[in-house]
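Structure file final.tsv with TSV, C-alpha atoms and all ligand atoms:
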```tsv
chain	number	residue	atom	x	y	z
A	1	MET	CA	4.84	3.22	-21.60
A	2	THR	CA	5.19	4.85	-24.95
A	3	ALA	CA	5.63	2.01	-27.32
A	4	SER	CA	1.96	1.39	-26.74
A	5	THR	CA	-0.44	2.36	-29.47
A	6	ASN	CA	-3.22	1.49	-27.06
A	7	PRO	CA	-4.15	4.25	-24.66
A	8	VAL	CA	-2.56	4.08	-21.21
A	9	GLY	CA	-5.07	4.08	-18.36
A	10	ILE	CA	-4.41	6.35	-15.40
A	11	ILE	CA	-6.45	5.76	-12.27
A	12	GLY	CA	-6.13	8.85	-10.11
A	13	GLY	CA	-6.60	8.56	-6.38
A	14	THR	CA	-6.77	10.99	-3.49
A	15	GLY	CA	-5.32	14.32	-4.61
A	16	LEU	CA	-5.49	13.42	-8.29
A	17	THR	CA	-9.09	13.71	-9.44
A	18	SER	CA	-8.06	15.33	-12.71
A	19	LEU	CA	-4.90	15.76	-14.73
A	20	SER	CA	-4.41	19.42	-15.52
A	21	ASP	CA	-1.76	18.76	-18.16
A	22	LEU	CA	-3.99	16.37	-20.01
A	23	GLU	CA	-5.02	17.60	-23.41
A	24	ILE	CA	-8.61	16.39	-23.26
A	25	VAL	CA	-10.08	15.04	-26.46
A	26	GLY	CA	-13.32	13.67	-25.11
A	27	GLU	CA	-15.30	12.37	-22.17
A	28	GLU	CA	-17.39	9.25	-22.07
A	29	THR	CA	-19.91	7.94	-19.56
A	30	VAL	CA	-19.82	4.16	-19.74
A	31	SER	CA	-21.37	1.16	-18.08
A	32	THR	CA	-20.00	-2.39	-17.81
A	33	ARG	CA	-21.35	-5.83	-16.99
A	34	TRP	CA	-20.00	-5.21	-13.47
A	35	GLY	CA	-21.84	-1.92	-13.09
A	36	GLU	CA	-20.81	1.71	-13.30
A	37	PRO	CA	-17.21	2.87	-12.96
A	38	SER	CA	-16.43	5.61	-10.43
A	39	ASP	CA	-16.68	8.41	-12.99
A	40	LYS	CA	-16.67	9.18	-16.69
A	41	LEU	CA	-13.64	8.18	-18.74
A	42	VAL	CA	-11.58	11.18	-19.81
A	43	HIS	CA	-9.81	10.55	-23.10
A	44	GLY	CA	-6.79	12.70	-23.76
A	45	ARG	CA	-3.13	12.95	-24.60
A	46	LEU	CA	-0.08	13.38	-22.43
A	47	GLY	CA	2.56	14.39	-24.95
A	48	ASP	CA	2.33	11.84	-27.74
A	49	GLN	CA	0.66	9.16	-25.66
A	50	ALA	CA	-3.09	8.61	-25.74
A	51	VAL	CA	-4.39	8.18	-22.21
A	52	VAL	CA	-7.68	7.43	-20.52
A	53	PHE	CA	-8.04	9.01	-17.10
A	54	LEU	CA	-10.43	7.73	-14.43
A	55	ALA	CA	-10.94	9.27	-10.97
A	56	ARG	CA	-10.98	6.27	-8.61
A	57	HIS	CA	-13.11	7.98	-5.98
A	58	GLY	CA	-15.24	9.95	-8.45
A	59	ASN	CA	-14.93	13.66	-9.15
A	60	PRO	CA	-15.56	15.28	-6.74
A	61	HIS	CA	-14.01	12.71	-4.41
A	62	ARG	CA	-16.99	10.87	-2.85
A	63	ILE	CA	-16.56	7.05	-3.06
A	64	PRO	CA	-14.68	5.54	-0.08
A	65	PRO	CA	-11.99	2.91	-0.80
A	66	HIS	CA	-14.10	-0.10	0.25
A	67	GLN	CA	-17.00	0.99	-1.98
A	68	VAL	CA	-15.10	1.66	-5.18
A	69	ASN	CA	-16.39	-0.63	-7.94
A	70	TYR	CA	-12.93	-1.84	-8.89
A	71	ARG	CA	-14.27	-4.42	-11.34
A	72	ALA	CA	-16.26	-1.81	-13.27
A	73	ASN	CA	-13.28	0.56	-13.28
A	74	LEU	CA	-10.89	-2.00	-14.74
A	75	GLN	CA	-13.45	-3.39	-17.17
A	76	ALA	CA	-14.32	0.11	-18.42
A	77	LEU	CA	-10.65	0.84	-19.10
A	78	TYR	CA	-10.20	-2.52	-20.80
A	79	ASP	CA	-13.23	-1.91	-23.00
A	80	ALA	CA	-11.74	1.47	-23.96
A	81	GLY	CA	-8.70	-0.37	-25.35
A	82	VAL	CA	-6.42	0.18	-22.35
A	83	ARG	CA	-3.83	-2.58	-21.80
A	84	THR	CA	-1.47	-0.71	-19.46
A	85	VAL	CA	-2.71	0.93	-16.27
A	86	VAL	CA	-0.94	3.26	-13.86
A	87	GLY	CA	-2.67	3.36	-10.49
A	88	VAL	CA	-1.79	6.54	-8.58
A	89	ASN	CA	-2.20	6.03	-4.84
A	90	ALA	CA	-1.88	8.23	-1.77
A	91	VAL	CA	-0.30	6.17	1.03
A	92	GLY	CA	1.03	6.29	4.56
A	93	GLY	CA	4.76	5.78	5.01
A	94	ILE	CA	6.08	2.95	7.23
A	95	HIS	CA	9.68	2.61	5.96
A	96	LYS	CA	11.91	5.19	7.61
A	97	ALA	CA	12.97	6.67	4.25
A	98	MET	CA	9.36	7.10	3.12
A	99	GLY	CA	8.04	10.23	4.77
A	100	PRO	CA	5.47	12.76	3.52
A	101	ALA	CA	5.85	13.82	-0.15
A	102	HIS	CA	8.08	10.79	-0.90
A	103	VAL	CA	7.28	9.14	-4.24
A	104	VAL	CA	7.45	5.34	-4.48
A	105	VAL	CA	7.15	2.77	-7.26
A	106	PRO	CA	6.34	-0.33	-5.17
A	107	ASP	CA	7.40	-3.80	-6.24
A	108	GLN	CA	5.15	-5.97	-4.07
A	109	VAL	CA	1.80	-5.92	-2.34
A	110	ILE	CA	0.18	-7.68	0.61
A	111	ASP	CA	-3.61	-7.70	0.62
A	112	TYR	CA	-5.31	-7.14	3.98
A	113	THR	CA	-8.65	-6.06	2.49
A	114	TRP	CA	-11.79	-8.14	2.98
A	115	GLY	CA	-15.29	-8.34	1.60
A	116	ARG	CA	-14.46	-6.58	-1.67
A	117	ALA	CA	-15.42	-7.97	-5.07
A	118	SER	CA	-11.87	-8.94	-5.93
A	119	THR	CA	-12.09	-11.31	-8.89
A	120	PHE	CA	-13.73	-11.53	-12.29
A	121	PHE	CA	-13.57	-15.32	-12.02
A	122	GLU	CA	-16.66	-16.20	-10.02
A	123	GLY	CA	-20.29	-17.05	-10.66
A	124	GLU	CA	-21.28	-19.30	-13.56
A	125	LEU	CA	-17.86	-20.51	-14.67
A	126	GLU	CA	-16.87	-23.13	-17.19
A	127	HIS	CA	-13.61	-23.73	-15.33
A	128	VAL	CA	-11.76	-22.39	-12.32
A	129	THR	CA	-8.93	-19.93	-13.01
A	130	HIS	CA	-6.00	-19.16	-10.72
A	131	ILE	CA	-3.82	-16.44	-12.23
A	132	ASP	CA	-0.14	-16.09	-11.40
A	133	PHE	CA	0.41	-13.03	-9.20
A	134	THR	CA	4.03	-13.56	-8.08
A	135	TYR	CA	5.05	-10.12	-9.34
A	136	PRO	CA	1.93	-7.94	-9.08
A	137	TYR	CA	3.42	-4.92	-10.85
A	138	ASP	CA	4.63	-4.87	-14.45
A	139	GLN	CA	8.42	-4.65	-14.44
A	140	GLU	CA	8.76	-2.79	-17.74
A	141	GLY	CA	6.21	-0.19	-16.71
A	142	ARG	CA	7.89	0.19	-13.30
A	143	GLN	CA	11.22	0.82	-15.02
A	144	LEU	CA	9.71	3.60	-17.15
A	145	LEU	CA	8.36	5.31	-14.03
A	146	ILE	CA	11.64	4.78	-12.18
A	147	ASP	CA	13.70	6.24	-15.04
A	148	ALA	CA	11.36	9.23	-15.23
A	149	ALA	CA	11.55	9.80	-11.46
A	150	ARG	CA	15.37	9.48	-11.43
A	151	GLY	CA	15.64	12.26	-14.00
A	152	LEU	CA	13.88	14.62	-11.62
A	153	LYS	CA	15.23	15.74	-8.27
A	154	LEU	CA	12.55	13.85	-6.43
A	155	ASP	CA	12.49	12.31	-3.01
A	156	PHE	CA	11.91	8.85	-4.44
A	157	SER	CA	12.23	5.07	-3.87
A	158	ASP	CA	12.19	2.36	-6.52
A	159	PHE	CA	11.05	-0.39	-4.17
A	160	GLY	CA	8.42	-0.97	-1.54
A	161	VAL	CA	5.89	-3.46	-0.28
A	162	TYR	CA	2.41	-1.92	-0.36
A	163	ALA	CA	0.01	-3.03	2.39
A	164	ALA	CA	-3.57	-2.75	1.16
A	165	THR	CA	-5.88	-2.21	4.14
A	166	GLN	CA	-9.64	-2.09	4.26
A	167	GLY	CA	-10.26	1.39	5.61
A	168	PRO	CA	-11.87	3.80	5.52
A	169	ARG	CA	-10.41	4.38	8.97
A	170	LEU	CA	-6.67	4.74	9.31
A	171	GLU	CA	-4.75	2.07	11.22
A	172	THR	CA	-3.83	1.73	14.87
A	173	ALA	CA	-0.16	2.02	15.84
A	174	ALA	CA	-0.16	-1.72	16.67
A	175	GLU	CA	-1.58	-2.56	13.24
A	176	ILE	CA	1.21	-0.57	11.62
A	177	ARG	CA	3.81	-2.39	13.76
A	178	ARG	CA	2.29	-5.65	12.55
A	179	LEU	CA	2.45	-4.52	8.91
A	180	GLU	CA	6.07	-3.56	9.46
A	181	ARG	CA	6.83	-7.03	10.89
A	182	ASP	CA	5.17	-8.44	7.77
A	183	GLY	CA	7.67	-6.50	5.67
A	184	CYS	CA	5.39	-3.69	4.47
A	185	ASP	CA	6.87	-0.27	3.63
A	186	LEU	CA	3.70	1.62	2.66
A	187	VAL	CA	0.05	1.43	3.57
A	188	GLY	CA	-2.94	2.41	1.46
A	189	MET	CA	-6.55	1.39	0.95
A	190	THR	CA	-6.94	1.11	-2.80
A	191	GLY	CA	-4.01	-0.88	-4.17
A	192	MET	CA	-6.08	-4.06	-4.01
A	193	PRO	CA	-8.09	-5.50	-5.64
A	194	GLU	CA	-7.19	-3.03	-8.41
A	195	ALA	CA	-3.85	-4.70	-9.21
A	196	VAL	CA	-5.22	-8.24	-9.31
A	197	LEU	CA	-8.24	-7.31	-11.42
A	198	ALA	CA	-5.93	-5.72	-13.99
A	199	ALA	CA	-3.89	-8.93	-13.98
A	200	GLU	CA	-7.01	-11.06	-14.45
A	201	LEU	CA	-7.82	-9.02	-17.56
A	202	GLY	CA	-4.27	-9.53	-18.82
A	203	MET	CA	-3.39	-5.84	-18.43
A	204	ARG	CA	-0.01	-4.50	-17.31
A	205	TYR	CA	-0.41	-2.65	-14.03
A	206	VAL	CA	1.96	-0.38	-12.11
A	207	CYS	CA	1.49	1.61	-8.94
A	208	LEU	CA	2.83	5.14	-8.48
A	209	ALA	CA	2.46	6.05	-4.82
A	210	LEU	CA	2.76	9.37	-3.03
A	211	VAL	CA	3.32	9.25	0.72
A	212	VAL	CA	0.94	11.75	2.30
A	213	ASN	CA	1.52	11.01	6.00
A	214	TRP	CA	3.66	8.98	8.35
A	215	ALA	CA	1.66	5.82	9.11
A	216	ALA	CA	0.03	5.61	12.55
A	217	GLY	CA	2.58	5.61	15.37
A	218	LYS	CA	5.48	6.48	13.04
A	219	SER	CA	5.60	10.12	14.09
A	220	ASP	CA	5.06	11.91	17.40
A	221	HIS	CA	1.58	13.10	16.43
A	222	ILE	CA	-1.73	11.70	15.24
A	223	ILE	CA	-2.61	11.89	11.54
A	224	THR	CA	-4.48	15.01	10.44
A	225	MET	CA	-6.16	15.95	7.18
A	226	GLU	CA	-4.11	19.18	7.18
A	227	GLU	CA	-0.91	17.14	7.13
A	228	ILE	CA	-2.25	14.99	4.30
A	229	ASP	CA	-3.39	17.99	2.24
A	230	GLN	CA	-0.03	19.64	2.71
A	231	ALA	CA	1.87	16.56	1.50
A	232	ILE	CA	-0.45	16.32	-1.51
A	233	ASP	CA	0.27	19.96	-2.34
A	234	GLN	CA	3.96	19.34	-1.95
A	235	GLY	CA	4.21	16.04	-3.80
A	236	MET	CA	1.49	15.65	-6.42
A	237	ALA	CA	3.20	17.96	-8.93
A	238	GLY	CA	6.17	15.56	-8.89
A	239	VAL	CA	3.88	12.58	-9.44
A	240	LYS	CA	2.29	14.30	-12.45
A	241	THR	CA	5.72	15.09	-13.89
A	242	VAL	CA	6.79	11.45	-13.47
A	243	LEU	CA	3.64	10.38	-15.30
A	244	GLU	CA	4.24	12.82	-18.15
A	245	ARG	CA	7.93	11.98	-18.51
A	246	SER	CA	7.29	8.25	-18.44
A	247	MET	CA	4.92	8.69	-21.39
A	248	ALA	CA	7.33	10.93	-23.28
A	249	GLY	CA	9.57	8.00	-24.20
A	301	LIG	N1	-3.13	4.33	5.95
A	301	LIG	C1	-3.92	3.80	4.99
A	301	LIG	N2	-4.21	4.44	3.86
A	301	LIG	C2	-3.68	5.65	3.67
A	301	LIG	C3	-2.86	6.26	4.64
A	301	LIG	C4	-2.57	5.56	5.83
A	301	LIG	O1	-1.84	6.04	6.73
A	301	LIG	N3	-2.53	7.48	4.14
A	301	LIG	C5	-3.11	7.58	2.92
A	301	LIG	N4	-3.81	6.48	2.64
```
Once you've parsed the file, please lay out its structure as structure tokens.
Amino acid sequence: MTASTNPVGIIGGTGLTSLSDLEIVGEETVSTRWGEPSDKLVHGRLGDQAVVFLARHGNPHRIPPHQVNYRANLQALYDAGVRTVVGVNAVGGIHKAMGPAHVVVPDQVIDYTWGRASTFFEGELEHVTHIDFTYPYDQEGRQLLIDAARGLKLDFSDFGVYAATQGPRLETAAEIRRLERDGCDLVGMTGMPEAVLAAELGMRYVCLALVVNWAAGKSDHIITMEEIDQAIDQGMAGVKTVLERSMAG
């Protein structure tokens, strides 16, 4: 993501409410025509790359996935000059290779969310717009993350179909079997409409996912917060290193 003179936006999810390695140069509370973003924008540098960090759920973590103002978040980053966004997402693993602490750069998404404000193109319009969304994640940006992850000894996959569910509850085992039949490898609650809103603004968007639990019914136990916290502890350092290395050129 280096070649960019524009700052790179990083939207941190569960387990990533701040970036400790970020050299902070300023913080900014902003408002947009779509309302308030989840938190202040943190302007900083990761190596040579200017970045703008935004905590998706606020800091401290308090906004549930279905109540995040995704439009305000993306608009605020756009207004700050961001044209490339990395969305960091905690997810459940469905694919048998994608267990806790596994890092994934997904290549596709299926949207199962409902009732969220998921487009900028509504209201008083001069014309109707249908954007292309065949490949939801920017290929060049994905490759930078993949190259960075390959250089580390990470438990990592360079593919995956992300199922975006409504939440905030986790899924039933039957729902996960259905997602699996649909071809999904990962399940999370925040991947959409974030990706499509970035696309509507003409921004490059990539997802960097950390598996924090086996999805419902994929292990012999129910999902606990302890398990999730443990996987975050185990895996988030790797995610941060991938972010830093991908910016280092
Ligand atoms: N399902 C949906 N979202 C999630 C999960 C899950 O199992 N784990 C983390 N986010």
Considering only C-alpha atoms, state which residue in the set A:Ala231, A:Leu22, A:Leu179, A:Val128 is at the smallest distance from Ala216 in chain A. A:Leu179
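Here the question is which of A:Leu46, A:Val30, A:Val25, A:Val86 gets nearest to Ala198 in chain A using all atoms listed in the file, and that residue is A:Val86.
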Can you tell me which residues sit at most 9 Å away from ligand LIG 301 (chain A), counting only C-alpha atoms and all ligand atoms, written as a count of residues only? 31
As an exercise, work out the distance from CA of Val88 in chain A to CA of Phe120 in chain A in Å and give it to one decimal place. 22.0 Å
Exercise: Ala80 in chain A partners within 12 Å, only C-alpha atoms, chain neighbours under 3 positions left out, as a ChimeraX atom specification: /A:6-9,27-32,40-43,50-54,73-77,83-85
Hey, can you spit out that residue selection with C-alpha atoms as an mmCIF file, in the frame of the given file?
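Result file is selection38.cif:
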```cif
data_model
loop_
_atom_site.group_PDB
_atom_site.id
_atom_site.type_symbol
_atom_site.label_atom_id
_atom_site.label_comp_id
_atom_site.auth_asym_id
_atom_site.auth_seq_id
_atom_site.Cartn_x
_atom_site.Cartn_y
_atom_site.Cartn_z
ATOM 1 C CA ASN A 6 -3.220 1.490 -27.060
ATOM 2 C CA PRO A 7 -4.150 4.250 -24.660
ATOM 3 C CA VAL A 8 -2.560 4.080 -21.210
ATOM 4 C CA GLY A 9 -5.070 4.080 -18.360
ATOM 5 C CA GLU A 27 -15.300 12.370 -22.170
ATOM 6 C CA GLU A 28 -17.390 9.250 -22.070
ATOM 7 C CA THR A 29 -19.910 7.940 -19.560
ATOM 8 C CA VAL A 30 -19.820 4.160 -19.740
ATOM 9 C CA SER A 31 -21.370 1.160 -18.080
ATOM 10 C CA THR A 32 -20.000 -2.390 -17.810
ATOM 11 C CA LYS A 40 -16.670 9.180 -16.690
ATOM 12 C CA LEU A 41 -13.640 8.180 -18.740
ATOM 13 C CA VAL A 42 -11.580 11.180 -19.810
ATOM 14 C CA HIS A 43 -9.810 10.550 -23.100
ATOM 15 C CA ALA A 50 -3.090 8.610 -25.740
ATOM 16 C CA VAL A 51 -4.390 8.180 -22.210
ATOM 17 C CA VAL A 52 -7.680 7.430 -20.520
ATOM 18 C CA PHE A 53 -8.040 9.010 -17.100
ATOM 19 C CA LEU A 54 -10.430 7.730 -14.430
ATOM 20 C CA ASN A 73 -13.280 0.560 -13.280
ATOM 21 C CA LEU A 74 -10.890 -2.000 -14.740
ATOM 22 C CA GLN A 75 -13.450 -3.390 -17.170
ATOM 23 C CA ALA A 76 -14.320 0.110 -18.420
ATOM 24 C CA LEU A 77 -10.650 0.840 -19.100
ATOM 25 C CA ARG A 83 -3.830 -2.580 -21.800
ATOM 26 C CA THR A 84 -1.470 -0.710 -19.460
ATOM 27 C CA VAL A 85 -2.710 0.930 -16.270
#
```
If you count all atoms listed in the file, the residue of A:Val82, A:Leu144, A:Val109, A:Met192 closest to Leu243 in chain A turns out to be A:Leu144
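The shortest atom-to-atom distance to Arg178 in chain A, with all atoms listed in the file taken into account, belongs to A:Gly217 out of A:Gly15, A:Gly217, A:Gly26, A:Gly81.
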Near Ser157 in chain A, counting all atoms listed in the file, which residues have an atom at most 7 Å away, once you skip same-chain residues fewer than 4 positions from it, shown as a ChimeraX atom specification? /A:103-105
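Between CA of Leu208 in chain A and CA of Arg116 in chain A the interatomic distance comes to 22.0 Å.
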Could N, CA and C atoms be built for range 115-129 of chain A and written out as a compact mmCIF listing (two decimals), in the coordinates of the input?
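Okay, this is what ended up in rebuild_8.txt:
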```
# COMPACT_ATOMS: atom_id res chain seq x y z
N GLY A 115 -13.90 -8.63 1.98
CA GLY A 115 -15.29 -8.34 1.60
C GLY A 115 -15.43 -7.53 0.32
N ARG A 116 -14.36 -7.33 -0.41
CA ARG A 116 -14.46 -6.58 -1.67
C ARG A 116 -14.63 -7.57 -2.83
N ALA A 117 -15.31 -7.13 -3.87
CA ALA A 117 -15.42 -7.97 -5.07
C ALA A 117 -14.05 -7.93 -5.73
N SER A 118 -13.29 -9.01 -5.57
CA SER A 118 -11.87 -8.94 -5.93
C SER A 118 -11.45 -9.92 -7.02
N THR A 119 -12.43 -10.46 -7.75
CA THR A 119 -12.09 -11.31 -8.89
C THR A 119 -13.18 -11.20 -9.96
N PHE A 120 -12.75 -11.39 -11.20
CA PHE A 120 -13.73 -11.53 -12.29
C PHE A 120 -14.13 -12.99 -12.44
N PHE A 121 -13.36 -13.88 -11.81
CA PHE A 121 -13.57 -15.32 -12.02
C PHE A 121 -14.45 -15.91 -10.93
N GLU A 122 -15.71 -15.58 -10.95
CA GLU A 122 -16.66 -16.20 -10.02
C GLU A 122 -18.04 -16.21 -10.67
N GLY A 123 -18.95 -16.94 -10.08
CA GLY A 123 -20.29 -17.05 -10.66
C GLY A 123 -20.37 -18.29 -11.53
N GLU A 124 -21.09 -18.16 -12.65
CA GLU A 124 -21.28 -19.30 -13.56
C GLU A 124 -20.03 -19.50 -14.41
N LEU A 125 -19.12 -20.33 -13.96
CA LEU A 125 -17.86 -20.51 -14.67
C LEU A 125 -17.82 -21.84 -15.39
N GLU A 126 -17.09 -21.85 -16.51
CA GLU A 126 -16.87 -23.13 -17.19
C GLU A 126 -15.70 -23.87 -16.55
N HIS A 127 -14.74 -23.10 -16.04
CA HIS A 127 -13.61 -23.73 -15.33
C HIS A 127 -13.06 -22.72 -14.32
N VAL A 128 -12.32 -23.24 -13.37
CA VAL A 128 -11.76 -22.39 -12.32
C VAL A 128 -10.42 -21.84 -12.81
N THR A 129 -10.18 -20.55 -12.56
CA THR A 129 -8.93 -19.93 -13.01
C THR A 129 -8.16 -19.38 -11.81
```
